[in-house]
>>> print(open('start-v5.pdb').read())   # PDB, C-alpha atoms
ATOM      1  CA  LYS A   1       0.000   0.000   0.000  1.00  0.00           C
ATOM      2  CA  ASN A   2       1.326   3.441  -0.923  1.00  0.00           C
ATOM      3  CA  GLN A   3       1.922   5.410   2.263  1.00  0.00           C
ATOM      4  CA  VAL A   4       3.844   8.449   3.427  1.00  0.00           C
ATOM      5  CA  GLU A   5       4.594   8.879   7.119  1.00  0.00           C
ATOM      6  CA  GLN A   6       5.970  12.048   8.640  1.00  0.00           C
ATOM      7  CA  SER A   7       7.548  12.777  11.989  1.00  0.00           C
ATOM      8  CA  PRO A   8       7.309  14.488  14.312  1.00  0.00           C
ATOM      9  CA  GLN A   9       3.624  15.318  14.205  1.00  0.00           C
ATOM     10  CA  SER A  10       4.389  18.764  15.635  1.00  0.00           C
ATOM     11  CA  LEU A  11       7.420  20.698  16.728  1.00  0.00           C
ATOM     12  CA  ILE A  12       8.129  23.918  18.622  1.00  0.00           C
ATOM     13  CA  ILE A  13      11.530  25.591  18.269  1.00  0.00           C
ATOM     14  CA  LEU A  14      13.084  28.928  19.141  1.00  0.00           C
ATOM     15  CA  GLU A  15      13.717  31.484  16.454  1.00  0.00           C
ATOM     16  CA  GLY A  16      17.195  31.104  15.003  1.00  0.00           C
ATOM     17  CA  LYS A  17      17.460  27.392  15.746  1.00  0.00           C
ATOM     18  CA  ASN A  18      17.707  24.640  13.139  1.00  0.00           C
ATOM     19  CA  CYS A  19      15.323  21.712  12.799  1.00  0.00           C
ATOM     20  CA  THR A  20      14.881  18.575  10.729  1.00  0.00           C
ATOM     21  CA  LEU A  21      11.612  17.003   9.647  1.00  0.00           C
ATOM     22  CA  GLN A  22      11.406  13.366   8.580  1.00  0.00           C
ATOM     23  CA  CYS A  23       9.478  11.540   5.884  1.00  0.00           C
ATOM     24  CA  ASN A  24       9.361   7.764   5.268  1.00  0.00           C
ATOM     25  CA  TYR A  25       7.490   6.329   2.336  1.00  0.00           C
ATOM     26  CA  THR A  26       6.417   3.039   0.797  1.00  0.00           C
ATOM     27  CA  VAL A  27       5.335   4.391  -2.576  1.00  0.00           C
ATOM     28  CA  SER A  28       6.020   2.369  -5.691  1.00  0.00           C
ATOM     29  CA  PRO A  29       6.899   2.844  -8.465  1.00  0.00           C
ATOM     30  CA  PHE A  30       8.594   5.994  -7.261  1.00  0.00           C
ATOM     31  CA  SER A  31       8.641   9.055  -9.504  1.00  0.00           C
ATOM     32  CA  ASN A  32       9.579  12.017  -7.318  1.00  0.00           C
ATOM     33  CA  LEU A  33       9.336  13.443  -3.801  1.00  0.00           C
ATOM     34  CA  ARG A  34       8.199  16.944  -2.912  1.00  0.00           C
ATOM     35  CA  TRP A  35       8.113  19.030   0.213  1.00  0.00           C
ATOM     36  CA  TYR A  36       5.349  21.603   0.560  1.00  0.00           C
ATOM     37  CA  LYS A  37       4.862  24.420   3.044  1.00  0.00           C
ATOM     38  CA  GLN A  38       1.295  25.263   3.982  1.00  0.00           C
ATOM     39  CA  ASP A  39       0.613  28.456   5.874  1.00  0.00           C
ATOM     40  CA  THR A  40      -2.600  28.640   7.891  1.00  0.00           C
ATOM     41  CA  GLY A  41      -5.519  29.429   5.626  1.00  0.00           C
ATOM     42  CA  ARG A  42      -3.494  29.039   2.443  1.00  0.00           C
ATOM     43  CA  GLY A  43      -2.857  26.336  -0.112  1.00  0.00           C
ATOM     44  CA  PRO A  44       0.356  24.247  -0.044  1.00  0.00           C
ATOM     45  CA  VAL A  45       3.348  25.833  -1.777  1.00  0.00           C
ATOM     46  CA  SER A  46       6.148  23.732  -3.241  1.00  0.00           C
ATOM     47  CA  LEU A  47       9.575  24.009  -1.588  1.00  0.00           C
ATOM     48  CA  THR A  48      11.566  21.276  -3.335  1.00  0.00           C
ATOM     49  CA  ILE A  49      11.092  18.408  -5.742  1.00  0.00           C
ATOM     50  CA  MET A  50      13.583  15.547  -6.095  1.00  0.00           C
ATOM     51  CA  THR A  51      13.755  12.662  -8.530  1.00  0.00           C
ATOM     52  CA  PHE A  52      15.275   9.240  -7.887  1.00  0.00           C
ATOM     53  CA  SER A  53      18.786  10.326  -8.858  1.00  0.00           C
ATOM     54  CA  GLU A  54      18.883  13.419  -6.664  1.00  0.00           C
ATOM     55  CA  ASN A  55      19.830  13.110  -3.003  1.00  0.00           C
ATOM     56  CA  THR A  56      19.837  16.736  -1.936  1.00  0.00           C
ATOM     57  CA  LYS A  57      18.209  19.951  -3.024  1.00  0.00           C
ATOM     58  CA  SER A  58      18.184  23.381  -1.435  1.00  0.00           C
ATOM     59  CA  ASN A  59      15.792  26.309  -1.568  1.00  0.00           C
ATOM     60  CA  GLY A  60      17.186  29.130   0.524  1.00  0.00           C
ATOM     61  CA  ARG A  61      17.234  28.037   4.161  1.00  0.00           C
ATOM     62  CA  TYR A  62      15.409  24.810   3.276  1.00  0.00           C
ATOM     63  CA  THR A  63      17.459  21.717   2.351  1.00  0.00           C
ATOM     64  CA  ALA A  64      15.808  18.442   1.439  1.00  0.00           C
ATOM     65  CA  THR A  65      17.576  15.092   1.287  1.00  0.00           C
ATOM     66  CA  LEU A  66      16.459  11.844  -0.285  1.00  0.00           C
ATOM     67  CA  ASP A  67      17.697   8.305   0.289  1.00  0.00           C
ATOM     68  CA  ALA A  68      15.903   6.223  -2.330  1.00  0.00           C
ATOM     69  CA  ASP A  69      17.385   2.997  -0.948  1.00  0.00           C
ATOM     70  CA  THR A  70      15.925   3.399   2.525  1.00  0.00           C
ATOM     71  CA  LYS A  71      12.937   5.380   1.199  1.00  0.00           C
ATOM     72  CA  GLN A  72      13.535   8.257   3.542  1.00  0.00           C
ATOM     73  CA  SER A  73      13.631  12.008   3.106  1.00  0.00           C
ATOM     74  CA  SER A  74      14.318  14.888   5.429  1.00  0.00           C
ATOM     75  CA  LEU A  75      13.720  18.613   5.321  1.00  0.00           C
ATOM     76  CA  HIS A  76      16.264  20.697   7.212  1.00  0.00           C
ATOM     77  CA  ILE A  77      15.449  24.291   8.094  1.00  0.00           C
ATOM     78  CA  THR A  78      18.404  26.486   8.978  1.00  0.00           C
ATOM     79  CA  ALA A  79      18.266  29.578  11.185  1.00  0.00           C
ATOM     80  CA  SER A  80      14.502  29.380  11.610  1.00  0.00           C
ATOM     81  CA  GLN A  81      12.330  32.481  11.392  1.00  0.00           C
ATOM     82  CA  LEU A  82       8.886  33.203  12.774  1.00  0.00           C
ATOM     83  CA  SER A  83       7.541  33.024   9.224  1.00  0.00           C
ATOM     84  CA  ASP A  84       8.609  29.378   9.018  1.00  0.00           C
ATOM     85  CA  SER A  85       5.678  28.516  11.306  1.00  0.00           C
ATOM     86  CA  ALA A  86       3.490  26.358   9.083  1.00  0.00           C
ATOM     87  CA  SER A  87       2.594  22.801   8.215  1.00  0.00           C
ATOM     88  CA  TYR A  88       5.207  20.955   6.161  1.00  0.00           C
ATOM     89  CA  ILE A  89       3.867  18.197   3.944  1.00  0.00           C
ATOM     90  CA  CYS A  90       5.889  15.443   2.290  1.00  0.00           C
ATOM     91  CA  VAL A  91       4.371  14.237  -0.973  1.00  0.00           C
ATOM     92  CA  VAL A  92       5.596  11.244  -2.957  1.00  0.00           C
ATOM     93  CA  SER A  93       4.631  10.789  -6.583  1.00  0.00           C
ATOM     94  CA  ALA A  94       3.874   7.281  -7.842  1.00  0.00           C
ATOM     95  CA  ARG A  95       4.110   6.568 -11.542  1.00  0.00           C
ATOM     96  CA  MET A  96       0.719   5.290 -12.665  1.00  0.00           C
ATOM     97  CA  GLU A  97      -0.677   4.232 -16.009  1.00  0.00           C
ATOM     98  CA  TYR A  98      -2.450   7.553 -16.557  1.00  0.00           C
ATOM     99  CA  GLY A  99       0.244   9.753 -15.061  1.00  0.00           C
ATOM    100  CA  ASN A 100       1.693  10.397 -11.634  1.00  0.00           C
ATOM    101  CA  LYS A 101      -0.405   9.983  -8.498  1.00  0.00           C
ATOM    102  CA  LEU A 102       0.536  12.042  -5.465  1.00  0.00           C
ATOM    103  CA  VAL A 103       0.532  10.387  -2.041  1.00  0.00           C
ATOM    104  CA  PHE A 104       0.399  12.900   0.805  1.00  0.00           C
ATOM    105  CA  GLY A 105       1.838  12.658   4.280  1.00  0.00           C
ATOM    106  CA  ALA A 106      -0.173  14.012   7.202  1.00  0.00           C
ATOM    107  CA  GLY A 107       2.294  16.847   7.680  1.00  0.00           C
ATOM    108  CA  THR A 108       4.441  18.224  10.498  1.00  0.00           C
ATOM    109  CA  ILE A 109       3.180  21.354  12.210  1.00  0.00           C
ATOM    110  CA  LEU A 110       6.122  23.624  13.009  1.00  0.00           C
ATOM    111  CA  ARG A 111       5.853  26.539  15.360  1.00  0.00           C
ATOM    112  CA  VAL A 112       8.764  28.953  15.674  1.00  0.00           C
ATOM    113  CA  LYS A 113       8.600  31.176  18.704  1.00  0.00           C
ATOM    114  CA  SER A 114      10.657  34.187  19.735  1.00  0.00           C
TER     115      SER A 114
ATOM    116  CA  ASP B 115       0.086  34.315 -14.096  1.00  0.00           C
ATOM    117  CA  ALA B 116      -2.384  34.665 -11.235  1.00  0.00           C
ATOM    118  CA  GLY B 117      -2.010  31.027 -10.257  1.00  0.00           C
ATOM    119  CA  VAL B 118      -4.886  28.658  -9.572  1.00  0.00           C
ATOM    120  CA  ILE B 119      -7.957  30.704  -8.713  1.00  0.00           C
ATOM    121  CA  GLN B 120     -10.708  29.326  -6.504  1.00  0.00           C
ATOM    122  CA  SER B 121     -14.011  30.843  -5.523  1.00  0.00           C
ATOM    123  CA  PRO B 122     -15.546  31.516  -3.161  1.00  0.00           C
ATOM    124  CA  ARG B 123     -12.890  31.735  -0.450  1.00  0.00           C
ATOM    125  CA  HIS B 124     -15.431  31.012   2.234  1.00  0.00           C
ATOM    126  CA  GLU B 125     -18.871  29.451   2.061  1.00  0.00           C
ATOM    127  CA  VAL B 126     -21.334  28.922   4.869  1.00  0.00           C
ATOM    128  CA  THR B 127     -24.494  27.034   3.998  1.00  0.00           C
ATOM    129  CA  GLU B 128     -27.308  25.181   5.676  1.00  0.00           C
ATOM    130  CA  MET B 129     -27.523  21.421   5.646  1.00  0.00           C
ATOM    131  CA  GLY B 130     -29.396  20.182   2.603  1.00  0.00           C
ATOM    132  CA  GLN B 131     -28.460  23.085   0.362  1.00  0.00           C
ATOM    133  CA  GLU B 132     -26.499  22.735  -2.865  1.00  0.00           C
ATOM    134  CA  VAL B 133     -22.936  24.045  -2.846  1.00  0.00           C
ATOM    135  CA  THR B 134     -20.828  24.779  -5.922  1.00  0.00           C
ATOM    136  CA  LEU B 135     -17.112  25.413  -5.701  1.00  0.00           C
ATOM    137  CA  ARG B 136     -15.228  26.856  -8.650  1.00  0.00           C
ATOM    138  CA  CYS B 137     -11.689  26.579  -9.957  1.00  0.00           C
ATOM    139  CA  LYS B 138      -9.705  28.205 -12.738  1.00  0.00           C
ATOM    140  CA  PRO B 139      -6.442  26.334 -13.392  1.00  0.00           C
ATOM    141  CA  ILE B 140      -3.198  27.891 -14.559  1.00  0.00           C
ATOM    142  CA  SER B 141      -3.313  28.570 -18.278  1.00  0.00           C
ATOM    143  CA  GLY B 142      -1.576  25.787 -20.184  1.00  0.00           C
ATOM    144  CA  HIS B 143      -1.899  23.187 -17.451  1.00  0.00           C
ATOM    145  CA  ASN B 144      -3.831  20.168 -18.654  1.00  0.00           C
ATOM    146  CA  SER B 145      -4.358  18.302 -15.372  1.00  0.00           C
ATOM    147  CA  LEU B 146      -6.704  19.460 -12.635  1.00  0.00           C
ATOM    148  CA  PHE B 147      -7.199  18.006  -9.172  1.00  0.00           C
ATOM    149  CA  TRP B 148      -9.786  18.537  -6.441  1.00  0.00           C
ATOM    150  CA  TYR B 149      -8.753  17.860  -2.835  1.00  0.00           C
ATOM    151  CA  ARG B 150     -10.452  18.018   0.541  1.00  0.00           C
ATOM    152  CA  GLN B 151      -8.481  18.824   3.679  1.00  0.00           C
ATOM    153  CA  THR B 152      -9.587  18.237   7.263  1.00  0.00           C
ATOM    154  CA  MET B 153      -7.688  18.088  10.519  1.00  0.00           C
ATOM    155  CA  MET B 154      -8.545  14.431  10.958  1.00  0.00           C
ATOM    156  CA  ARG B 155      -7.745  13.127   7.465  1.00  0.00           C
ATOM    157  CA  GLY B 156      -5.310  15.634   5.980  1.00  0.00           C
ATOM    158  CA  LEU B 157      -5.344  16.183   2.224  1.00  0.00           C
ATOM    159  CA  GLU B 158      -7.478  13.712   0.275  1.00  0.00           C
ATOM    160  CA  LEU B 159      -7.671  13.550  -3.509  1.00  0.00           C
ATOM    161  CA  LEU B 160     -11.291  13.608  -4.640  1.00  0.00           C
ATOM    162  CA  ILE B 161     -11.034  13.605  -8.418  1.00  0.00           C
ATOM    163  CA  TYR B 162      -8.489  14.183 -11.161  1.00  0.00           C
ATOM    164  CA  PHE B 163      -9.045  15.473 -14.717  1.00  0.00           C
ATOM    165  CA  ASN B 164      -6.662  15.187 -17.634  1.00  0.00           C
ATOM    166  CA  ASN B 165      -7.482  17.251 -20.724  1.00  0.00           C
ATOM    167  CA  ASN B 166     -10.939  17.951 -19.257  1.00  0.00           C
ATOM    168  CA  VAL B 167     -11.729  14.244 -18.894  1.00  0.00           C
ATOM    169  CA  PRO B 168     -12.205  12.689 -15.431  1.00  0.00           C
ATOM    170  CA  ILE B 169      -9.493  10.058 -15.004  1.00  0.00           C
ATOM    171  CA  ASP B 170      -9.803   8.971 -11.388  1.00  0.00           C
ATOM    172  CA  ASP B 171     -12.834   9.788  -9.235  1.00  0.00           C
ATOM    173  CA  SER B 172     -12.303   7.016  -6.703  1.00  0.00           C
ATOM    174  CA  GLY B 173     -11.814   9.585  -3.970  1.00  0.00           C
ATOM    175  CA  MET B 174     -15.253  11.134  -4.372  1.00  0.00           C
ATOM    176  CA  PRO B 175     -16.945  10.224  -1.083  1.00  0.00           C
ATOM    177  CA  GLU B 176     -20.443   9.545  -2.351  1.00  0.00           C
ATOM    178  CA  ASP B 177     -23.023  10.378  -4.970  1.00  0.00           C
ATOM    179  CA  ARG B 178     -23.732  13.724  -3.372  1.00  0.00           C
ATOM    180  CA  PHE B 179     -20.412  14.907  -4.807  1.00  0.00           C
ATOM    181  CA  SER B 180     -19.960  15.619  -8.505  1.00  0.00           C
ATOM    182  CA  ALA B 181     -17.316  17.451 -10.525  1.00  0.00           C
ATOM    183  CA  LYS B 182     -17.239  18.799 -14.029  1.00  0.00           C
ATOM    184  CA  MET B 183     -14.668  20.369 -16.294  1.00  0.00           C
ATOM    185  CA  PRO B 184     -16.511  21.818 -19.298  1.00  0.00           C
ATOM    186  CA  ASN B 185     -13.363  23.398 -20.713  1.00  0.00           C
ATOM    187  CA  ALA B 186      -9.645  23.753 -20.052  1.00  0.00           C
ATOM    188  CA  SER B 187     -10.059  26.888 -17.976  1.00  0.00           C
ATOM    189  CA  PHE B 188     -12.865  26.018 -15.591  1.00  0.00           C
ATOM    190  CA  SER B 189     -13.985  23.294 -13.213  1.00  0.00           C
ATOM    191  CA  THR B 190     -16.696  22.938 -10.594  1.00  0.00           C
ATOM    192  CA  LEU B 191     -17.173  20.704  -7.582  1.00  0.00           C
ATOM    193  CA  LYS B 192     -20.785  20.379  -6.504  1.00  0.00           C
ATOM    194  CA  ILE B 193     -22.221  18.942  -3.297  1.00  0.00           C
ATOM    195  CA  GLN B 194     -25.946  18.251  -3.296  1.00  0.00           C
ATOM    196  CA  PRO B 195     -27.357  17.958  -0.692  1.00  0.00           C
ATOM    197  CA  SER B 196     -24.652  19.221   1.656  1.00  0.00           C
ATOM    198  CA  GLU B 197     -24.171  17.768   5.147  1.00  0.00           C
ATOM    199  CA  PRO B 198     -22.280  19.070   8.212  1.00  0.00           C
ATOM    200  CA  ARG B 199     -19.589  16.391   7.743  1.00  0.00           C
ATOM    201  CA  ASP B 200     -18.734  17.976   4.393  1.00  0.00           C
ATOM    202  CA  SER B 201     -17.277  20.944   6.270  1.00  0.00           C
ATOM    203  CA  ALA B 202     -13.639  21.187   5.198  1.00  0.00           C
ATOM    204  CA  VAL B 203     -11.243  23.192   3.066  1.00  0.00           C
ATOM    205  CA  TYR B 204     -11.480  22.224  -0.594  1.00  0.00           C
ATOM    206  CA  PHE B 205      -8.397  22.788  -2.736  1.00  0.00           C
ATOM    207  CA  CYS B 206      -8.014  22.774  -6.473  1.00  0.00           C
ATOM    208  CA  ALA B 207      -4.605  22.158  -8.054  1.00  0.00           C
ATOM    209  CA  SER B 208      -3.354  22.080 -11.626  1.00  0.00           C
ATOM    210  CA  SER B 209      -0.239  20.861 -13.394  1.00  0.00           C
ATOM    211  CA  PHE B 210       1.177  19.621 -16.659  1.00  0.00           C
ATOM    212  CA  ALA B 211      -0.061  16.112 -17.246  1.00  0.00           C
ATOM    213  CA  VAL B 212       1.915  12.926 -16.616  1.00  0.00           C
ATOM    214  CA  THR B 213       4.932  14.497 -14.911  1.00  0.00           C
ATOM    215  CA  ASN B 214       2.892  16.817 -12.680  1.00  0.00           C
ATOM    216  CA  TYR B 215       5.548  19.473 -13.177  1.00  0.00           C
ATOM    217  CA  GLY B 216       4.363  22.873 -12.117  1.00  0.00           C
ATOM    218  CA  TYR B 217       1.913  21.365  -9.626  1.00  0.00           C
ATOM    219  CA  THR B 218       0.251  24.393  -8.016  1.00  0.00           C
ATOM    220  CA  PHE B 219      -2.497  24.639  -5.440  1.00  0.00           C
ATOM    221  CA  GLY B 220      -5.158  27.292  -5.197  1.00  0.00           C
ATOM    222  CA  SER B 221      -5.870  29.111  -1.939  1.00  0.00           C
ATOM    223  CA  GLY B 222      -8.811  26.858  -1.169  1.00  0.00           C
ATOM    224  CA  THR B 223     -12.484  27.276  -0.307  1.00  0.00           C
ATOM    225  CA  ARG B 224     -13.379  26.894   3.355  1.00  0.00           C
ATOM    226  CA  LEU B 225     -16.814  25.269   3.467  1.00  0.00           C
ATOM    227  CA  THR B 226     -18.919  25.238   6.607  1.00  0.00           C
ATOM    228  CA  VAL B 227     -22.219  23.371   6.566  1.00  0.00           C
ATOM    229  CA  VAL B 228     -24.430  24.131   9.543  1.00  0.00           C
TER     230      VAL B 228
END
>>> encode(input="start-v5.pdb", output="structure tokens")
Amino acid sequence: KNQVEQSPQSLIILEGKNCTLQCNYTVSPFSNLRWYKQDTGRGPVSLTIMTFSENTKSNGRYTATLDADTKQSSLHITASQLSDSASYICVVSARMEYGNKLVFGAGTILRVKS
Amino acid sequence: DAGVIQSPRHEVTEMGQEVTLRCKPISGHNSLFWYRQTMMRGLELLIYFNNNVPIDDSGMPEDRFSAKMPNASFSTLKIQPSEPRDSAVYFCASSFAVTNYGYTFGSGTRLTVV
């Protein structure tokens, strides 16, 4: 069964600190893995997208890693800011007959406090 | 480009009434997706269109839900009759088909059925 599991469920950190969010998946056949940021009351916004051959990708203070062998990904946030408070969703794309199907994790709720 | 445009942003309706949610995808995208998001279940795919044709509607909860895409620039999600358990945020997303490159979410419609 295609599944995406994220941990922790929620996290509180102090402004300026770093944090790492985890994503484990059992999606097959794998096409790509994405991390989204969803602010309260808004739609998810893409942070990174990685294919099978990529094992790291950065977007500003966000760095995503992918280990396709262990089927794990992480999202590292450096020097956190208050505006990083949001839900972070890991999404794995499965290659289907009609195109790619996205499998969503439940998300990690991050709160950055001053 | 203005991105994926959804309307209305908020909808409050009485149980039993018909509700219609609207979506305008990004110009040039040929795949369109309707999602429902709740605290309990996260993001759930309801239905997916490719070139205006419904490809996968297995996520549509029941016959009270229907979706149409009469042309490449417009889609509707209708609930008739609505029930309190339909209360959720409904997102529309669009992308290029097959690869899902450019996958972009709208800002969502928050539906409350009282």
>>> resolve_selection(input="start-v5.pdb", expression="the PyMOL selection byres ((chain B and resi 228) around 9)", output="list in words")
Val126, Thr127, Glu128, Met129, Glu197, Pro198, Ser201, Thr226 and Val227 of chain B
>>> resolve_selection(input="start-v5.pdb", expression="the PyMOL selection byres ((chain A and resi 21-33) around 6)", output="list in words")
Asn2, Gln3, Val4, Glu5, Gln6, Ser7, Thr20, Arg34, Ile49, Met50, Thr51, Lys71, Gln72, Ser73, Ser74, Leu75, Val91, Val92, Ser93, Ala94 and Arg95 of chain A
>>> resolve_selection(input="start-v5.pdb", expression="the PyMOL selection byres ((chain A) within 6 of (chain B))", output="ChimeraX atom specification")
/A:42-43,99-100,106
>>> axis_aligned_box(input="start-v5.pdb", around="region 52-59 of chain A", padding_each_side="8 Å", output="AutoDock Vina command-line options")
--center_x 17.6 --center_y 17.8 --center_z -5.1 --size_x 20.6 --size_y 33.1 --size_z 23.4
>>> atom_distance(input="start-v5.pdb", atom1="CA of Met183 (chain B)", atom2="CA of Met96 (chain A)")
21.8 Å
>>> atom_distance(input="start-v5.pdb", atom1="CA of Thr152 (chain B)", atom2="CA of Gly41 (chain A)")
12.0 Å
>>> atom_distance(input="start-v5.pdb", atom1="CA of Ser208 (chain B)", atom2="CA of Lys192 (chain B)")
18.2 Å
>>> residues_around(input="start-v5.pdb", residues="Ser83 (chain A)", least_positions_apart="3", cutoff="9 Å", atoms="all atoms listed in the file", output="ChimeraX atom specification")
/A:39,80,86,112
>>> residues_near_point(input="start-v5.pdb", point="(-4.2, 20.8, -19.0)", cutoff="8 Å", atoms="only C-alpha atoms", output="PyMOL selection string")
chain B and resi 141-146+164-166+186+208-211
>>> closest_residue(input="start-v5.pdb", among="A:Leu102, A:Ile109, A:Cys90, A:Ala64", to="Thr78 (chain A)", atoms="only C-alpha atoms")
A:Ala64
>>> residues_near_point(input="start-v5.pdb", point="(9.1, 21.5, -1.2)", cutoff="7 Å", atoms="all atoms listed in the file", output="PyMOL selection string")
chain A and resi 34-37+46-49
